[in-house]
file start.cif (mmCIF, C-alpha atoms)
data_run
#
loop_
_atom_site.label_atom_id
_atom_site.label_comp_id
_atom_site.auth_asym_id
_atom_site.auth_seq_id
_atom_site.Cartn_x
_atom_site.Cartn_y
_atom_site.Cartn_z
CA MET C 1 -14.57 16.42 9.49
CA THR C 2 -11.88 14.56 7.60
CA LEU C 3 -11.53 14.51 3.86
CA ARG C 4 -12.25 10.81 4.04
CA SER C 5 -15.77 11.44 5.28
CA ARG C 6 -16.40 14.37 2.97
CA PHE C 7 -15.20 12.55 -0.12
CA PRO C 8 -16.02 8.83 -0.36
CA ILE C 9 -13.86 7.30 -3.08
CA PRO C 10 -16.45 7.07 -5.89
CA ALA C 11 -17.49 10.71 -5.47
CA LEU C 12 -13.93 11.92 -5.12
CA LEU C 13 -12.81 10.00 -8.18
CA ALA C 14 -15.62 11.54 -10.18
CA VAL C 15 -14.38 15.00 -9.27
CA ILE C 16 -10.69 14.24 -9.76
CA ILE C 17 -11.03 12.40 -13.07
CA GLY C 18 -13.42 15.01 -14.39
CA VAL C 19 -16.26 12.69 -15.34
CA CYS C 20 -18.87 14.69 -13.48
CA SER C 21 -20.20 17.86 -15.03
CA HIS C 22 -19.17 21.27 -13.81
CA GLY C 23 -22.79 21.90 -12.88
CA HIS C 24 -22.89 18.91 -10.54
CA ALA C 25 -19.60 19.94 -8.93
CA GLN C 26 -20.92 23.43 -8.33
CA GLU C 27 -24.04 22.10 -6.63
CA SER C 28 -21.98 20.06 -4.15
CA ALA C 29 -19.65 22.83 -2.98
CA ALA C 30 -18.98 26.51 -3.44
CA VAL C 31 -16.59 26.99 -6.33
CA PRO C 32 -13.41 28.79 -5.26
CA LYS C 33 -12.43 31.55 -7.64
CA PRO C 34 -8.87 31.48 -8.97
CA THR C 35 -6.51 34.15 -7.77
CA LEU C 36 -5.27 34.19 -11.36
CA ALA C 37 -7.28 32.54 -14.14
CA ASN C 38 -6.21 31.27 -17.56
CA VAL C 39 -2.59 32.29 -17.15
CA PRO C 40 -0.76 31.32 -20.37
CA TYR C 41 2.38 29.22 -20.09
CA GLY C 42 2.64 28.67 -23.86
CA GLN C 43 1.17 29.82 -27.17
CA HIS C 44 -1.61 27.24 -27.65
CA GLU C 45 -5.09 28.03 -26.35
CA ARG C 46 -4.94 24.91 -24.14
CA GLN C 47 -1.64 25.96 -22.55
CA VAL C 48 -3.22 27.87 -19.68
CA LEU C 49 -3.50 27.38 -15.93
CA ASP C 50 -5.39 28.65 -12.92
CA PHE C 51 -3.64 29.66 -9.70
CA TYR C 52 -5.33 29.52 -6.29
CA GLN C 53 -3.37 31.31 -3.59
CA ALA C 54 -3.60 29.94 -0.06
CA THR C 55 -3.12 32.07 3.02
CA PRO C 56 0.16 31.10 4.70
CA ASP C 57 -0.22 29.40 8.07
CA GLN C 58 2.40 29.78 10.82
CA ALA C 59 4.78 27.44 9.00
CA GLY C 60 4.36 29.44 5.82
CA LYS C 61 4.91 32.73 7.61
CA ALA C 62 8.16 31.34 8.96
CA ASN C 63 9.16 30.56 5.37
CA SER C 64 9.00 34.15 4.07
CA GLY C 65 5.26 33.85 3.64
CA LYS C 66 5.55 31.21 0.95
CA THR C 67 3.16 28.27 0.71
CA PRO C 68 3.57 24.74 -0.60
CA LEU C 69 1.69 23.99 -3.79
CA LEU C 70 -0.35 21.18 -5.29
CA PHE C 71 0.10 20.89 -9.07
CA PHE C 72 -3.10 19.39 -10.45
CA ILE C 73 -3.41 17.66 -13.85
CA HIS C 74 -6.90 16.76 -15.04
CA GLY C 75 -7.79 13.36 -16.47
CA GLY C 76 -9.76 12.34 -19.53
CA GLY C 77 -7.47 9.94 -21.37
CA TRP C 78 -5.55 12.91 -22.83
CA MET C 79 -8.61 13.29 -25.08
CA THR C 80 -10.86 15.58 -23.04
CA GLY C 81 -11.13 17.29 -19.66
CA ASP C 82 -10.65 20.66 -18.02
CA LYS C 83 -8.70 22.20 -15.16
CA ALA C 84 -11.69 22.86 -12.87
CA ASN C 85 -11.72 20.89 -9.58
CA PRO C 86 -13.53 22.95 -6.96
CA ASP C 87 -13.94 20.61 -3.98
CA PHE C 88 -10.33 19.55 -3.74
CA LEU C 89 -9.05 23.06 -4.38
CA ALA C 90 -11.02 24.45 -1.46
CA LYS C 91 -9.67 21.84 0.93
CA CYS C 92 -6.11 22.63 -0.11
CA THR C 93 -6.32 26.39 0.15
CA GLU C 94 -8.09 26.16 3.51
CA SER C 95 -5.11 24.12 4.74
CA GLY C 96 -2.41 26.52 3.58
CA ILE C 97 -1.56 24.74 0.32
CA SER C 98 -1.81 26.79 -2.86
CA VAL C 99 -3.00 25.07 -6.03
CA VAL C 100 -2.26 25.28 -9.72
CA SER C 101 -4.56 23.43 -12.10
CA ILE C 102 -3.50 23.15 -15.72
CA ASN C 103 -4.97 22.60 -19.13
CA TYR C 104 -2.69 21.10 -21.77
CA ARG C 105 -2.78 20.14 -25.42
CA LEU C 106 -4.84 17.01 -25.95
CA ILE C 107 -4.05 14.15 -28.30
CA PRO C 108 -6.29 15.55 -31.08
CA ASP C 109 -4.44 18.88 -30.81
CA ALA C 110 -1.09 17.12 -31.03
CA SER C 111 -2.17 14.97 -33.96
CA ALA C 112 -3.42 18.02 -35.85
CA ALA C 113 -0.03 19.67 -35.30
CA GLY C 114 1.86 16.61 -36.55
CA ILE C 115 3.44 15.82 -33.16
CA SER C 116 4.54 12.20 -32.91
CA PRO C 117 3.74 10.40 -30.76
CA PRO C 118 0.85 12.68 -29.81
CA VAL C 119 1.06 11.90 -26.08
CA LYS C 120 4.41 13.70 -26.08
CA ALA C 121 2.60 17.04 -26.29
CA CYS C 122 0.46 16.26 -23.23
CA LEU C 123 3.45 15.29 -21.09
CA ASP C 124 5.73 18.05 -22.37
CA ASP C 125 3.05 20.62 -21.59
CA ALA C 126 2.77 19.40 -18.00
CA ALA C 127 6.53 19.67 -17.58
CA ARG C 128 6.60 23.15 -19.08
CA ALA C 129 3.70 24.30 -16.92
CA LEU C 130 5.51 23.06 -13.81
CA GLN C 131 8.64 24.95 -14.81
CA PHE C 132 6.57 28.06 -15.48
CA VAL C 133 5.00 27.84 -12.03
CA ARG C 134 8.42 27.55 -10.42
CA SER C 135 9.56 30.62 -12.35
CA LYS C 136 6.73 32.51 -10.62
CA ALA C 137 7.67 31.32 -7.12
CA ASP C 138 8.67 34.72 -5.76
CA GLU C 139 5.81 36.60 -7.41
CA TRP C 140 3.18 34.08 -6.32
CA ARG C 141 4.76 33.40 -2.90
CA ILE C 142 5.25 29.68 -3.59
CA ASP C 143 7.90 27.46 -2.03
CA LYS C 144 9.27 25.87 -5.19
CA GLU C 145 10.85 23.04 -3.18
CA ARG C 146 7.43 21.93 -1.89
CA ILE C 147 5.39 21.15 -4.97
CA GLY C 148 3.36 17.95 -5.09
CA GLY C 149 1.62 16.47 -8.10
CA CYS C 150 -1.97 15.26 -8.26
CA GLY C 151 -4.28 13.89 -10.92
CA GLY C 152 -6.79 11.24 -11.87
CA SER C 153 -6.56 8.62 -14.60
CA ALA C 154 -4.37 10.08 -17.39
CA GLY C 155 -3.70 13.08 -15.14
CA GLY C 156 -2.40 10.72 -12.47
CA PHE C 157 -0.25 8.99 -15.08
CA THR C 158 1.22 12.36 -16.05
CA ALA C 159 1.92 13.26 -12.42
CA LEU C 160 3.74 9.94 -11.96
CA TRP C 161 5.67 10.55 -15.18
CA LEU C 162 6.86 13.90 -13.83
CA ALA C 163 7.81 12.31 -10.51
CA PHE C 164 9.90 9.53 -12.05
CA HIS C 165 11.31 11.22 -15.17
CA PRO C 166 14.81 12.70 -14.93
CA ASP C 167 14.78 16.43 -14.33
CA THR C 168 14.58 18.28 -17.65
CA ALA C 169 15.89 21.58 -16.26
CA GLU C 170 18.49 23.25 -18.47
CA PRO C 171 20.59 25.36 -16.08
CA ALA C 172 22.47 27.11 -18.89
CA SER C 173 19.39 27.96 -20.95
CA PRO C 174 18.80 31.62 -21.83
CA ASP C 175 15.11 30.94 -21.11
CA PRO C 176 14.50 31.38 -17.36
CA VAL C 177 11.54 28.98 -17.45
CA SER C 178 13.65 26.20 -18.97
CA ARG C 179 16.15 26.60 -16.14
CA GLU C 180 13.55 25.47 -13.60
CA SER C 181 13.17 21.91 -12.28
CA THR C 182 10.46 19.46 -13.35
CA ARG C 183 10.73 17.31 -10.23
CA LEU C 184 7.96 16.82 -7.67
CA ARG C 185 8.11 16.31 -3.92
CA CYS C 186 5.27 13.75 -3.84
CA VAL C 187 2.39 12.45 -5.95
CA LEU C 188 -1.24 11.74 -5.09
CA ALA C 189 -2.86 9.85 -7.99
CA PHE C 190 -6.35 8.45 -8.48
CA VAL C 191 -6.88 5.33 -10.64
CA PRO C 192 -3.81 6.12 -12.76
CA GLN C 193 -2.44 4.01 -15.54
CA THR C 194 1.23 3.28 -14.84
CA SER C 195 2.50 1.82 -18.12
CA LEU C 196 2.00 2.29 -21.85
CA ASP C 197 3.61 -1.00 -22.80
CA PRO C 198 0.83 -3.00 -24.50
CA ARG C 199 2.42 -6.33 -23.67
CA GLN C 200 2.84 -5.42 -20.00
CA MET C 201 -0.67 -3.98 -19.80
CA GLN C 202 -2.22 -7.15 -21.21
CA ALA C 203 -0.19 -9.30 -18.81
CA TRP C 204 -1.62 -7.28 -15.93
CA ILE C 205 -5.13 -6.80 -17.38
CA PRO C 206 -5.94 -9.29 -20.17
CA ASN C 207 -9.03 -7.45 -21.44
CA ILE C 208 -7.46 -4.00 -21.71
CA GLN C 209 -7.80 -2.03 -24.94
CA TYR C 210 -5.98 1.18 -24.06
CA GLY C 211 -2.93 3.23 -24.95
CA ASN C 212 -2.85 2.92 -28.71
CA HIS C 213 -4.34 6.41 -29.04
CA ALA C 214 -1.33 7.85 -27.21
CA PHE C 215 0.80 6.79 -30.17
CA GLY C 216 -1.68 7.73 -32.88
CA LEU C 217 -2.70 4.13 -33.57
CA GLY C 218 -6.18 2.90 -34.36
CA SER C 219 -6.33 -0.32 -32.35
CA MET C 220 -4.72 -2.37 -29.61
CA GLN C 221 -3.81 -5.01 -32.18
CA GLU C 222 -1.85 -2.46 -34.21
CA PHE C 223 -0.22 -1.28 -30.99
CA LEU C 224 0.96 -4.80 -30.19
CA GLU C 225 2.21 -5.34 -33.74
CA LYS C 226 4.26 -2.12 -33.65
CA ARG C 227 5.45 -2.50 -30.06
CA GLU C 228 9.10 -3.25 -30.85
CA ARG C 229 9.44 -0.22 -33.09
CA LEU C 230 7.72 1.98 -30.52
CA LEU C 231 9.56 0.55 -27.51
CA PRO C 232 11.97 3.51 -27.06
CA TRP C 233 8.96 5.85 -26.83
CA ILE C 234 7.03 3.43 -24.62
CA GLN C 235 9.92 3.29 -22.17
CA ARG C 236 10.40 7.05 -22.24
CA PHE C 237 6.77 7.68 -21.37
CA SER C 238 5.91 4.85 -18.94
CA PRO C 239 6.13 5.63 -15.20
CA TYR C 240 6.82 1.95 -14.52
CA THR C 241 9.95 2.01 -16.66
CA LEU C 242 11.18 5.34 -15.31
CA ALA C 243 10.80 4.69 -11.56
CA SER C 244 14.19 4.48 -9.84
CA PRO C 245 15.74 4.83 -6.36
CA GLY C 246 15.47 8.33 -4.95
CA ASP C 247 12.15 9.16 -6.60
CA PRO C 248 9.50 10.92 -4.47
CA PRO C 249 6.81 9.14 -2.43
CA VAL C 250 3.49 8.29 -4.04
CA LEU C 251 -0.02 7.54 -2.79
CA LEU C 252 -2.34 5.77 -5.24
CA PHE C 253 -6.10 5.24 -4.98
CA TYR C 254 -8.18 2.56 -6.72
CA ASP C 255 -11.79 1.54 -6.19
CA ASN C 256 -11.21 -2.23 -5.85
CA PRO C 257 -8.33 -4.51 -4.82
CA PRO C 258 -6.06 -5.82 -7.60
CA ASN C 259 -6.16 -9.23 -9.20
CA LEU C 260 -3.10 -9.35 -11.44
CA GLY C 261 -3.55 -11.27 -14.65
CA GLN C 262 -7.35 -11.25 -14.44
CA PRO C 263 -9.88 -9.26 -16.50
CA TYR C 264 -11.30 -6.08 -14.97
CA LYS C 265 -14.65 -4.39 -15.51
CA ASP C 266 -13.04 -0.98 -16.09
CA PRO C 267 -9.65 -1.94 -17.56
CA PRO C 268 -8.08 1.55 -17.96
CA HIS C 269 -8.67 2.19 -14.24
CA SER C 270 -7.76 -1.26 -12.94
CA ALA C 271 -5.98 -1.54 -9.61
CA ASN C 272 -3.66 -3.97 -11.40
CA PHE C 273 -1.86 -0.90 -12.72
CA GLY C 274 -1.10 0.09 -9.14
CA ALA C 275 -0.14 -3.41 -8.04
CA GLY C 276 2.22 -3.78 -10.99
CA LEU C 277 3.88 -0.46 -10.25
CA ALA C 278 4.10 -1.25 -6.53
CA GLU C 279 6.40 -4.19 -7.26
CA LYS C 280 8.79 -1.84 -9.05
CA LEU C 281 8.58 0.81 -6.31
CA GLU C 282 9.22 -1.77 -3.61
CA ALA C 283 12.32 -3.03 -5.40
CA ALA C 284 13.57 0.54 -5.89
CA GLY C 285 12.96 1.52 -2.26
CA ILE C 286 10.49 4.27 -3.20
CA GLU C 287 8.01 5.13 -0.47
CA HIS C 288 4.51 4.25 -1.62
CA GLU C 289 1.02 3.37 -0.43
CA ILE C 290 -1.98 2.09 -2.36
CA ASN C 291 -5.49 2.62 -1.02
CA TYR C 292 -8.21 0.28 -2.23
CA ASN C 293 -11.88 1.16 -1.78
CA ASN C 294 -11.26 3.93 0.75
CA ASP C 295 -9.75 1.55 3.33
CA TYR C 296 -7.39 3.46 5.62
CA SER C 297 -7.00 0.72 8.23
CA ARG C 298 -3.51 -0.25 7.08
CA MET C 299 -2.28 3.21 6.15
CA LYS C 300 -0.10 5.57 8.15
CA TRP C 301 -2.33 8.58 7.37
CA PRO C 302 -5.92 9.06 8.56
CA ASP C 303 -7.00 10.21 5.10
CA LEU C 304 -5.52 11.20 1.76
CA PHE C 305 -5.06 14.78 2.90
CA GLY C 306 -2.84 13.65 5.74
CA PHE C 307 -0.38 12.48 3.09
CA LEU C 308 -0.27 15.90 1.47
CA LEU C 309 0.12 17.70 4.78
CA GLU C 310 3.03 15.49 5.77
CA LYS C 311 4.85 15.61 2.45
CA LEU C 312 4.30 19.26 1.58
CA LYS C 313 4.33 20.99 4.95
CA ARG C 314 6.98 19.32 7.06
CA ASN C 315 10.32 21.08 7.32
CA ASP C 316 12.84 18.56 6.01
CA THR C 317 13.82 18.10 2.36
CA ARG C 318 11.44 15.18 1.64
#

call {"tool": "encode", "arguments": {"input": "start.cif", "output": "structure tokens"}}
result
Amino acid sequence: MTLRSRFPIPALLAVIIGVCSHGHAQESAAVPKPTLANVPYGQHERQVLDFYQATPDQAGKANSGKTPLLFFIHGGGWMTGDKANPDFLAKCTESGISVVSINYRLIPDASAAGISPPVKACLDDAARALQFVRSKADEWRIDKERIGGCGGSAGGFTALWLAFHPDTAEPASPDPVSRESTRLRCVLAFVPQTSLDPRQMQAWIPNIQYGNHAFGLGSMQEFLEKRERLLPWIQRFSPYTLASPGDPPVLLFYDNPPNLGQPYKDPPHSANFGAGLAEKLEAAGIEHEINYNNDYSRMKWPDLFGFLLEKLKRNDTR
């Protein structure tokens, strides 16, 4: 049975984004237990991750017993959410792909600590967690060159940000974690936002009221009024702005086809985000696919998991 048939898009998005309760998720599938749970990668109580070790298949055994890894970032608008994602984790580990799922400081945590803009803490934590995981590659039997990112909504945004942001590794740092790369081999993202530019977002989705919270602002109107002053931060944190030639391949999922410039019933999860980003990726020569409403007829993979298997388990460098 393919992942496509096991996980129709609405149900899968509910699991990935984290909008369903843990109780509901547990009823639909056995919950895999982490190999290592609540491993700290920082000092804050939210800076913890779970590690799920897969059994190496023949390809993994040929690679010193190391497995590729999916680095999962939960959604929730950077305001809520948790690292649990049982269904998808089981499918990965059964296929020889280990999984790390992270928690990170949320915007309220960052605001309370005086971090400005607060979204910086969310993104910095994801980068640090990825570096920490790479620092454990030998101990956890992970192939650090085969790490893909995955997430829904704000988690998908963060995965795209990691994929397109310049590597923040500091090779000369005395801290071994800081010496590790923050780059990803591929990204699988569900209904992600792709920009935090309020002007660009409203051009794509006229009825959107989103993103001001990432900068500690109370309204979209205030966000628009302060856009010019915030523009350096907006550009630093927007996947659309950061995407450039040589970035890793991405597969995006949305529940309906795009209609750029038109209102959308669920603006923060509009497919217009994907369509807008796709124009930039096409111009930059970045491999990408966008799946609308679970339609695989025009895709090169039979299901979303085929993408992960190809990108994380083949033997070349990409």

call {"tool": "residues_around", "arguments": {"input": "start.cif", "residues": "C:Gly75", "least_positions_apart": "3", "cutoff": "6 Å", "atoms": "only C-alpha atoms", "output": "JSON, numbers by chain"}}
result
{"C": [17, 152, 153, 154, 155]}

call {"tool": "resolve_selection", "arguments": {"input": "start.cif", "expression": "the PyMOL selection byres ((chain C and resi 184) around 12)", "output": "PyMOL selection string"}}
result
chain C and resi 68-72+126-127+130-131+134+144-150+158-167+180-183+185-188+246-250+311-312+317-318

call {"tool": "closest_residue", "arguments": {"input": "start.cif", "among": "C:Ser111, C:Gln43, C:Ser270, C:Gln202", "to": "C:Gly216", "atoms": "only C-alpha atoms"}}
result
C:Ser111

call {"tool": "atom_distance", "arguments": {"input": "start.cif", "atom1": "atom CA of C:Glu282", "atom2": "atom CA of C:Trp78"}}
result
28.3 Å

call {"tool": "resolve_selection", "arguments": {"input": "start.cif", "expression": "the PyMOL selection byres ((chain C and resi 263) around 10)", "output": "ChimeraX atom specification"}}
result
/C:202-208,259-262,264-267,270,272

call {"tool": "write_last_selection", "arguments": {"input": "start.cif", "atoms": "C-alpha atoms", "output": "CSV table (one decimal), keeping the file's coordinate frame"}}
result
chain,number,residue,atom,x,y,z
C,202,GLN,CA,-2.2,-7.2,-21.2
C,203,ALA,CA,-0.2,-9.3,-18.8
C,204,TRP,CA,-1.6,-7.3,-15.9
C,205,ILE,CA,-5.1,-6.8,-17.4
C,206,PRO,CA,-5.9,-9.3,-20.2
C,207,ASN,CA,-9.0,-7.4,-21.4
C,208,ILE,CA,-7.5,-4.0,-21.7
C,259,ASN,CA,-6.2,-9.2,-9.2
C,260,LEU,CA,-3.1,-9.4,-11.4
C,261,GLY,CA,-3.6,-11.3,-14.6
C,262,GLN,CA,-7.4,-11.2,-14.4
C,264,TYR,CA,-11.3,-6.1,-15.0
C,265,LYS,CA,-14.6,-4.4,-15.5
C,266,ASP,CA,-13.0,-1.0,-16.1
C,267,PRO,CA,-9.6,-1.9,-17.6
C,270,SER,CA,-7.8,-1.3,-12.9
C,272,ASN,CA,-3.7,-4.0,-11.4

call {"tool": "closest_residue", "arguments": {"input": "start.cif", "among": "C:Gly306, C:Gly211, C:Ser195, C:Ile234", "to": "C:Gly274", "atoms": "only C-alpha atoms"}}
result
C:Ser195
